[in-house]
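This report concerns only the one structure given below.
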Amino acid sequence: MTSSIIHDIKPLADLHPKPESVHFQYGTAGFRTLGHVLDSVLFRVGILAALRSKKQDGKTIGVMVTASHNPEVDNGVKLVDPRGEMLESSWEAHATNIANAPTTDALVAGLVKFVDDLKIDLSKPARVVYARDTRPSGAALVSALDDGLKALGAEVRDAGVTTTPILHYLVKAINTKGTSDSYGDDSEEGYYQKLSSAFKRLVKGRPAIPPLLIDCANGVGAFAAEKLAQHLQDSITFILANTSTTTPGALNNACGADFVKTQQKLPPSLEGKLKSGQRACSLDGDADRLMYFYLDEHSQFHMLDGDKIAALVAAFIGELVKAAGLDEDIKVGIVQTAYANGASTKYLADRVPVKCVPTGVKHLHHAAESFDIGVYFEANGHGTVLFSRETQEKLRSHEPTSPAQSTAQGHLIALTELINQTVGDALSDMLLVEVVLAHKSYTGIEWDALYADLPNRLVKVVVGDRNAFRTVDAERRLVSPAGLQEKIDALVGGFEGGRSFVRPSGTEDVVRVYAEASSRVQADELAFRVAGLVYDQAGGDPAKRPVEFL
Ligand code: 16G
Ligand code: MG
C-alpha cells in the first residue's frame with residue numbers, strides 16, 4: 001500500500017521539478033533562500049507535513065511560508081509541530097534529504113524508504129494548517145504547497161496572510177480544541193480576544209498608557225497590529241508606521257526589528273515621527289521579533305533589545321510570584337544565547353538562574369521548559385515566557401491569604417493568557433512590555449537604566465565553507481578550524497572587558513562574529529580583527545575581503 005500511495009504523487013511531483021544546481025537545507029528556521037527557487041521545496045514540504053501529521057496520529061501540523069526579516073526577494077518555509085512548537089529536530093535531516101532528491105523517481109524512492117523506516121501508517125488522516133506572510137512570492141509558493149498536500153490527500157486549512165506566531169497559536173488551539181487544556185478559540189479572532197482581554201485585566205486601574213509608535217516593517221504585522229488595536233479599544237493606542245505591505249521592495253527595508261538591532265539606529269522613516277521620551281518598537285517581517293527604543297532629550301537613540309526585555313519581564317514576574325505568596329513553590333529562570341550582552345547576563349545572574357544555549361528558538365524553548373517559569377529571549381528580540389503545567393495548576397489552586405496576594409495571583413494567571421507560549425510573538429511580547437511599564441510607571445529611560453549595555457558589534461564574513469566552523473559550549477568556543485580559537489583568545493585578552501565568539505550562521509552561507517568590549521571603538525576593533533582572523537583562516541581571496549555588518 002505504501003508504494004502505491006507514494007507512487008500516485010508522480011504526476012503532481014513532475015509539475016514541481018527540483019532546480020538542478022541548488023542544494024537546500026532545513027536550517028534553524030526551516031528552508032530559506034530566494035523565493036523563486038523554492039517551488040519544489042514547497043511541494044515536498046506539503047508531502048512532509050502530511051506525513052508528519054499521519055505520524056502524529058492525524059494531529060494538525062502547521063506550515064508557515066515566510067522569510068522573516070530577510071529581504072523581500074527571499075522566502076522560506078517551516079513546519080510547526082502539534083503543540084505549536086518548532087518541528088522535532090530529527091525530522092530536519094529528513095526534510096533536507098527529501099528536498100534534495102534530484103528527480104521525481106528519486107523523490108518517490110526516498111519517500112517510500114522514509115515511510116518504511118519511520119513506520120508511518122499511511123491509512124491515518126493528515127491535517128495541515130498553513131499561512132504566509134506578505135511576500136509577493138508567497139501565493140505561488142502556497143499553491144505548490146497545496147499540490148503536495150493534495151498529493152497525499154491531506155485535510156487542509158488555509159489561515160491566509162498572517163503572522164508566524166498566530167499560525168503557531170492556531171496549531172495549538174486546533175489540537176487542544178474541546179479538551180481541558182484548550183489553548184483558546186482556533187481562529188485569528190480567538191487570538192486577538194485572548195490577548196486583548198488578558199491585557200485589559202492587567203492594566204485595569206492603571207494610569208492611561210501613552211500612545212505607542214509601532215514600526216511594522218511594512219509586513220504582515222501591520223495587519224495584525226491593526227486588528228489587535230480594534231480589540232484593545234481604549235486600553236492602549238497604537239500609532240502604526242511602515243505599513244506599506246504592497247509597495248514593492250519595502251518589506252524589512254531600512255526598518256523593522258532586524259534593522260534596529262543590527263544598525264543600532266532609528267529607522268530613517270521614523271525620523272520626525274518619534275518625539276523625545278516617547279517609546280517605540282519595531283516588529284520584523286513575520287512579527288515574531290520585537291525591538292523597543294526611544295530618543296532621549298538630546299534626541300540620542302537608545303535601543304531596548306531582547307536582553308532588556310528579558311530583564312524587565314523576569315523581574316516583574318518574580319515580584320508578582322513573591323507578592324502572590326508563591327516564591328517558595330515557583331522559581332523563575334532565564335535562558336539566553338552567547339549573543340546576550342555581557343552586562344545583561346551579569347544583571348540577571350545576580351538575581352535568578354541563567355542558562356546559555358545555542359542560537360535558535362528550539363534550543364531556548366526546550367531549555368526554558370525545565371524552569372517553573374522560564375523566560376527566554378534572544379538579543380535579537382525573539383522570545384517568550386513559558387509557564388510549566390504544574391506552575392499553571394499551582395496558580396489556579398493557590399488560596400491567597402490577603403487581597404494583595406489575590407491580586408498578584410490574578411495578574412499571573414492573566415499573564416499566562418497574554419503571553420503566546422508557543423513561540424516568540426512580537427505583538428504578545430509588546431503587550432507584556434506595556435503591562436510591566438504601566439505597573440512600574442517606567443518610561444524607556446527607567447527601563448534602560450536597569451543596566452548599561454556593553455558596546456558590541458556583529459560582523460559577518462563570507463567564507464568558502466561555513467560548515468568548516470564547528471562550535472562547543474553553547475557556541476562560545478570554536479573547535480574547528482583547529483587553532484583559530486587560540487588566536488581569538490589571544491586577541492580578546494588585549495581588550496578591556498573583551499569577549500568575542502565565532503559561529504556559522506544557520507540561515508545564511510556566512511560565518512558570524514560577535515564582539516563586545518568596554519568602549520565602542522574597542523568593540524568595533526575587536527570584531528573586525530576577529531573577522532580578519534576568520535577570513536584569513538578560511539583561505540579567502542584577499543581582494544574580496546567582504547566583511548560587512550550582520
Ligand atoms: C533564525 C532563528 C532565530 C535565530 C536566527 C539566527 C528560529 C525560529 N529563528 O531566525 O532564533 O536567532 O535564526 O540566525 O529559530 P543565524 O544562524 O543566521 O545567525
Ligand atoms: Mg521573524
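As shown in the C-alpha cells, the chain order sets the letters A, B, ...; within each chain, residues go from 1, and ligands are also counted from 1 in the order they appear.
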
What residues in region 284-434 of chain A get the DSSP label strand (DSSP E)? Please answer as an mmCIF file with C-alpha atoms, in the first residue's frame.
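Contents of selection_26.cif, freshly written:
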```
data_model
loop_
_atom_site.group_PDB
_atom_site.id
_atom_site.type_symbol
_atom_site.label_atom_id
_atom_site.label_comp_id
_atom_site.auth_asym_id
_atom_site.auth_seq_id
_atom_site.Cartn_x
_atom_site.Cartn_y
_atom_site.Cartn_z
ATOM 1 C CA LEU A 290 10.451 42.833 18.848
ATOM 2 C CA MET A 291 12.858 45.720 19.479
ATOM 3 C CA TYR A 292 11.981 48.714 21.641
ATOM 4 C CA PHE A 293 13.729 52.088 21.523
ATOM 5 C CA TYR A 294 13.377 55.734 22.465
ATOM 6 C CA LEU A 295 15.081 59.070 21.882
ATOM 7 C CA PHE A 301 18.791 56.866 20.121
ATOM 8 C CA HIS A 302 18.575 54.141 22.792
ATOM 9 C CA MET A 303 17.784 50.533 21.942
ATOM 10 C CA LEU A 304 15.961 48.169 24.306
ATOM 11 C CA VAL A 332 11.787 31.839 37.671
ATOM 12 C CA GLY A 333 14.741 31.057 35.367
ATOM 13 C CA ILE A 334 16.239 32.705 32.282
ATOM 14 C CA VAL A 335 17.599 31.280 29.044
ATOM 15 C CA GLN A 336 19.947 33.276 26.828
ATOM 16 C CA VAL A 354 20.588 31.782 33.874
ATOM 17 C CA LYS A 355 21.249 29.116 31.220
ATOM 18 C CA CYS A 356 23.134 29.678 27.968
ATOM 19 C CA ILE A 373 8.570 29.844 34.776
ATOM 20 C CA GLY A 374 11.170 30.047 32.001
ATOM 21 C CA VAL A 375 11.873 33.426 30.422
ATOM 22 C CA TYR A 376 13.782 33.155 27.177
ATOM 23 C CA PHE A 377 14.822 35.904 24.827
ATOM 24 C CA GLY A 383 11.437 35.242 22.936
ATOM 25 C CA THR A 384 8.614 34.368 25.256
ATOM 26 C CA VAL A 385 7.813 33.101 28.739
ATOM 27 C CA LEU A 386 6.814 29.516 29.483
ATOM 28 C CA PHE A 387 4.726 28.539 32.500
#
```

Spatial neighbours of Ser397 (chain A), max dist 12 Å, only C-alpha atoms, sep filter under 6 positions, as a list of chain:residue names: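 What passes the distance filter is A:Leu326, A:Glu390, A:Thr391, A:Ser406, A:Gln409, A:Gly410, A:Ile413.
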
With 6 Å as the cut-off and only C-alpha atoms and all ligand atoms counted, what is the closest atom pair between each nearby residue of chain A and ligand 1? Distances in Å to one decimal, ordered by chain and number, as CSV.
```
residue,atom,partner,partner_atom_place_in_ligand_line,distance
A:Thr28,CA,ligand 1,15 (O),4.9
A:Ala29,CA,ligand 1,7 (C),4.6
A:Thr359,CA,ligand 1,12 (O),5.5
A:Gly360,CA,ligand 1,11 (O),3.6
A:Val361,CA,ligand 1,15 (O),3.9
A:Lys362,CA,ligand 1,15 (O),5.9
A:Ser505,CA,ligand 1,17 (O),3.6
A:Gly506,CA,ligand 1,17 (O),3.4
A:Thr507,CA,ligand 1,18 (O),4.0
A:Glu508,CA,ligand 1,18 (O),5.3
```

Using only C-alpha atoms, determine which residues lie at most 12 Å from Glu189 (chain A), disregarding the query and same-chain residues fewer than 6 positions distant; provide the list as a PDB file with all heavy atoms, in the first residue's frame.
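Result written to out-v1.pdb:
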```pdb
ATOM      1  N   ALA A 159      -4.923  29.477   6.586  1.00  0.00           N
ATOM      2  CA  ALA A 159      -5.098  30.571   7.556  1.00  0.00           C
ATOM      3  C   ALA A 159      -4.779  31.921   6.919  1.00  0.00           C
ATOM      4  O   ALA A 159      -4.752  32.945   7.615  1.00  0.00           O
ATOM      5  CB  ALA A 159      -4.245  30.319   8.795  1.00  0.00           C
ATOM      6  N   THR A 162      -0.929  35.878   7.525  1.00  0.00           N
ATOM      7  CA  THR A 162      -0.910  36.208   8.953  1.00  0.00           C
ATOM      8  C   THR A 162       0.491  36.056   9.528  1.00  0.00           C
ATOM      9  O   THR A 162       1.429  35.698   8.816  1.00  0.00           O
ATOM     10  CB  THR A 162      -1.962  35.368   9.722  1.00  0.00           C
ATOM     11  OG1 THR A 162      -2.141  35.947  11.015  1.00  0.00           O
ATOM     12  CG2 THR A 162      -1.553  33.922   9.890  1.00  0.00           C
ATOM     13  N   ILE A 166       0.838  33.786  15.105  1.00  0.00           N
ATOM     14  CA  ILE A 166      -0.592  33.455  15.049  1.00  0.00           C
ATOM     15  C   ILE A 166      -0.765  32.043  14.484  1.00  0.00           C
ATOM     16  O   ILE A 166      -1.588  31.265  14.967  1.00  0.00           O
ATOM     17  CB  ILE A 166      -1.384  34.512  14.240  1.00  0.00           C
ATOM     18  CG1 ILE A 166      -1.430  35.820  15.040  1.00  0.00           C
ATOM     19  CG2 ILE A 166      -2.800  34.019  13.922  1.00  0.00           C
ATOM     20  CD1 ILE A 166      -2.135  36.982  14.358  1.00  0.00           C
ATOM     21  N   TYR A 169      -0.081  29.723  17.245  1.00  0.00           N
ATOM     22  CA  TYR A 169      -1.253  29.735  18.146  1.00  0.00           C
ATOM     23  C   TYR A 169      -2.360  28.836  17.578  1.00  0.00           C
ATOM     24  O   TYR A 169      -2.942  28.018  18.289  1.00  0.00           O
ATOM     25  CB  TYR A 169      -1.767  31.180  18.305  1.00  0.00           C
ATOM     26  CG  TYR A 169      -3.139  31.272  18.931  1.00  0.00           C
ATOM     27  CD1 TYR A 169      -3.286  31.381  20.316  1.00  0.00           C
ATOM     28  CD2 TYR A 169      -4.301  31.217  18.154  1.00  0.00           C
ATOM     29  CE1 TYR A 169      -4.551  31.445  20.898  1.00  0.00           C
ATOM     30  CE2 TYR A 169      -5.565  31.273  18.724  1.00  0.00           C
ATOM     31  CZ  TYR A 169      -5.687  31.394  20.094  1.00  0.00           C
ATOM     32  OH  TYR A 169      -6.939  31.443  20.666  1.00  0.00           O
ATOM     33  N   LEU A 170      -2.633  28.995  16.282  1.00  0.00           N
ATOM     34  CA  LEU A 170      -3.722  28.226  15.668  1.00  0.00           C
ATOM     35  C   LEU A 170      -3.464  26.728  15.776  1.00  0.00           C
ATOM     36  O   LEU A 170      -4.375  25.952  16.069  1.00  0.00           O
ATOM     37  CB  LEU A 170      -3.884  28.617  14.192  1.00  0.00           C
ATOM     38  CG  LEU A 170      -4.522  29.986  13.932  1.00  0.00           C
ATOM     39  CD1 LEU A 170      -4.501  30.294  12.434  1.00  0.00           C
ATOM     40  CD2 LEU A 170      -5.957  30.026  14.462  1.00  0.00           C
ATOM     41  N   ALA A 173      -4.185  25.699  19.259  1.00  0.00           N
ATOM     42  CA  ALA A 173      -5.617  25.831  19.558  1.00  0.00           C
ATOM     43  C   ALA A 173      -6.418  24.721  18.868  1.00  0.00           C
ATOM     44  O   ALA A 173      -7.325  24.138  19.462  1.00  0.00           O
ATOM     45  CB  ALA A 173      -6.121  27.200  19.128  1.00  0.00           C
ATOM     46  N   LEU A 195      -5.626  37.679  23.855  1.00  0.00           N
ATOM     47  CA  LEU A 195      -4.594  38.645  24.247  1.00  0.00           C
ATOM     48  C   LEU A 195      -5.201  39.929  24.795  1.00  0.00           C
ATOM     49  O   LEU A 195      -4.772  40.457  25.815  1.00  0.00           O
ATOM     50  CB  LEU A 195      -3.699  38.987  23.044  1.00  0.00           C
ATOM     51  CG  LEU A 195      -2.419  38.179  22.914  1.00  0.00           C
ATOM     52  CD1 LEU A 195      -2.701  36.703  22.769  1.00  0.00           C
ATOM     53  CD2 LEU A 195      -1.572  38.662  21.736  1.00  0.00           C
ATOM     54  N   SER A 196      -6.214  40.432  24.094  1.00  0.00           N
ATOM     55  CA  SER A 196      -6.727  41.743  24.490  1.00  0.00           C
ATOM     56  C   SER A 196      -7.479  41.666  25.814  1.00  0.00           C
ATOM     57  O   SER A 196      -7.374  42.572  26.634  1.00  0.00           O
ATOM     58  CB  SER A 196      -7.584  42.357  23.385  1.00  0.00           C
ATOM     59  OG  SER A 196      -8.633  41.490  23.072  1.00  0.00           O
ATOM     60  N   SER A 197      -8.188  40.573  26.062  1.00  0.00           N
ATOM     61  CA  SER A 197      -8.916  40.549  27.336  1.00  0.00           C
ATOM     62  C   SER A 197      -7.925  40.389  28.493  1.00  0.00           C
ATOM     63  O   SER A 197      -8.111  41.005  29.548  1.00  0.00           O
ATOM     64  CB  SER A 197     -10.022  39.499  27.342  1.00  0.00           C
ATOM     65  OG  SER A 197      -9.469  38.230  27.472  1.00  0.00           O
ATOM     66  N   ALA A 224      -1.938  42.633  11.600  1.00  0.00           N
ATOM     67  CA  ALA A 224      -2.236  42.060  12.911  1.00  0.00           C
ATOM     68  C   ALA A 224      -2.320  43.158  13.977  1.00  0.00           C
ATOM     69  O   ALA A 224      -3.203  43.128  14.838  1.00  0.00           O
ATOM     70  CB  ALA A 224      -1.177  41.023  13.278  1.00  0.00           C
ATOM     71  N   LYS A 227      -5.650  44.901  13.715  1.00  0.00           N
ATOM     72  CA  LYS A 227      -6.784  44.130  14.260  1.00  0.00           C
ATOM     73  C   LYS A 227      -6.702  44.073  15.789  1.00  0.00           C
ATOM     74  O   LYS A 227      -7.710  44.184  16.481  1.00  0.00           O
ATOM     75  CB  LYS A 227      -6.782  42.709  13.684  1.00  0.00           C
ATOM     76  CG  LYS A 227      -7.168  42.685  12.213  1.00  0.00           C
ATOM     77  CD  LYS A 227      -7.300  41.253  11.717  1.00  0.00           C
ATOM     78  CE  LYS A 227      -7.013  41.155  10.242  1.00  0.00           C
ATOM     79  NZ  LYS A 227      -6.386  39.927   9.831  1.00  0.00           N
ATOM     80  N   LEU A 228      -5.469  43.914  16.284  1.00  0.00           N
ATOM     81  CA  LEU A 228      -5.295  43.870  17.737  1.00  0.00           C
ATOM     82  C   LEU A 228      -5.770  45.184  18.356  1.00  0.00           C
ATOM     83  O   LEU A 228      -6.435  45.192  19.399  1.00  0.00           O
ATOM     84  CB  LEU A 228      -3.816  43.607  18.049  1.00  0.00           C
ATOM     85  CG  LEU A 228      -3.433  43.432  19.509  1.00  0.00           C
ATOM     86  CD1 LEU A 228      -4.177  42.244  20.129  1.00  0.00           C
ATOM     87  CD2 LEU A 228      -1.919  43.199  19.648  1.00  0.00           C
ATOM     88  N   GLN A 230      -8.054  47.141  17.398  1.00  0.00           N
ATOM     89  CA  GLN A 230      -9.523  47.211  17.480  1.00  0.00           C
ATOM     90  C   GLN A 230     -10.036  46.471  18.722  1.00  0.00           C
ATOM     91  O   GLN A 230     -10.959  46.919  19.382  1.00  0.00           O
ATOM     92  CB  GLN A 230     -10.153  46.583  16.234  1.00  0.00           C
ATOM     93  CG  GLN A 230      -9.989  47.463  15.000  1.00  0.00           C
ATOM     94  CD  GLN A 230     -10.180  46.681  13.705  1.00  0.00           C
ATOM     95  OE1 GLN A 230     -10.676  45.554  13.710  1.00  0.00           O
ATOM     96  NE2 GLN A 230      -9.769  47.287  12.595  1.00  0.00           N
ATOM     97  N   HIS A 231      -9.387  45.358  19.046  1.00  0.00           N
ATOM     98  CA  HIS A 231      -9.820  44.598  20.222  1.00  0.00           C
ATOM     99  C   HIS A 231      -9.405  45.256  21.531  1.00  0.00           C
ATOM    100  O   HIS A 231     -10.053  45.063  22.542  1.00  0.00           O
ATOM    101  CB  HIS A 231      -9.263  43.172  20.171  1.00  0.00           C
ATOM    102  CG  HIS A 231      -9.951  42.313  19.178  1.00  0.00           C
ATOM    103  ND1 HIS A 231      -9.667  42.363  17.832  1.00  0.00           N
ATOM    104  CD2 HIS A 231     -10.947  41.406  19.311  1.00  0.00           C
ATOM    105  CE1 HIS A 231     -10.447  41.512  17.183  1.00  0.00           C
ATOM    106  NE2 HIS A 231     -11.226  40.920  18.056  1.00  0.00           N
TER     107      HIS A 231
END
```

Could you pull the residues within 8 Å of Ala523 (chain A), counting only C-alpha atoms, minus those fewer than 4 positions along the same chain, as a PyMOL selection string? chain A and resi 455-457+498+515-519+527

Proximity of region 379-423 of chain A to region 54-71 of chain A: per-residue shortest pair, 12 Å limit, only C-alpha atoms, as CSV:
```
residue,atom,partner,partner_atom,distance
A:Asn380,CA,A:His69,CA,10.9
A:Gly381,CA,A:His69,CA,11.7
A:His382,CA,A:Ser68,CA,11.5
```

Within 7 Å of ligand 2, which residues show up when you count only C-alpha atoms and all ligand atoms? List them as a ChimeraX atom specification, please. /A:68-69,284-289

Which residues of region 127-207 of chain A sit at most 12 Å from region 11-25 of chain A, using only C-alpha atoms? Give each one's shortest atom pair and distance in Å (one decimal place), in chain and ascending residue order, as JSON lines.
```
{"residue": "A:Ala140", "atom": "CA", "partner": "A:His16", "partner_atom": "CA", "distance": 11.7}
{"residue": "A:Leu141", "atom": "CA", "partner": "A:His16", "partner_atom": "CA", "distance": 10.7}
{"residue": "A:Ser143", "atom": "CA", "partner": "A:His16", "partner_atom": "CA", "distance": 10.8}
{"residue": "A:Ala144", "atom": "CA", "partner": "A:His16", "partner_atom": "CA", "distance": 7.4}
{"residue": "A:Leu145", "atom": "CA", "partner": "A:His16", "partner_atom": "CA", "distance": 10.1}
{"residue": "A:Asp146", "atom": "CA", "partner": "A:Leu12", "partner_atom": "CA", "distance": 10.5}
{"residue": "A:Asp147", "atom": "CA", "partner": "A:Leu12", "partner_atom": "CA", "distance": 6.7}
{"residue": "A:Gly148", "atom": "CA", "partner": "A:Leu12", "partner_atom": "CA", "distance": 7.6}
{"residue": "A:Leu149", "atom": "CA", "partner": "A:Leu12", "partner_atom": "CA", "distance": 10.4}
{"residue": "A:Lys150", "atom": "CA", "partner": "A:Leu12", "partner_atom": "CA", "distance": 8.9}
{"residue": "A:Ala151", "atom": "CA", "partner": "A:Leu12", "partner_atom": "CA", "distance": 6.8}
{"residue": "A:Leu152", "atom": "CA", "partner": "A:Leu12", "partner_atom": "CA", "distance": 10.5}
```

So how far away is CA of Leu432 (chain A) from CA of Glu328 (chain A), in Å?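 Distance between the two atoms: 24.3 Å.
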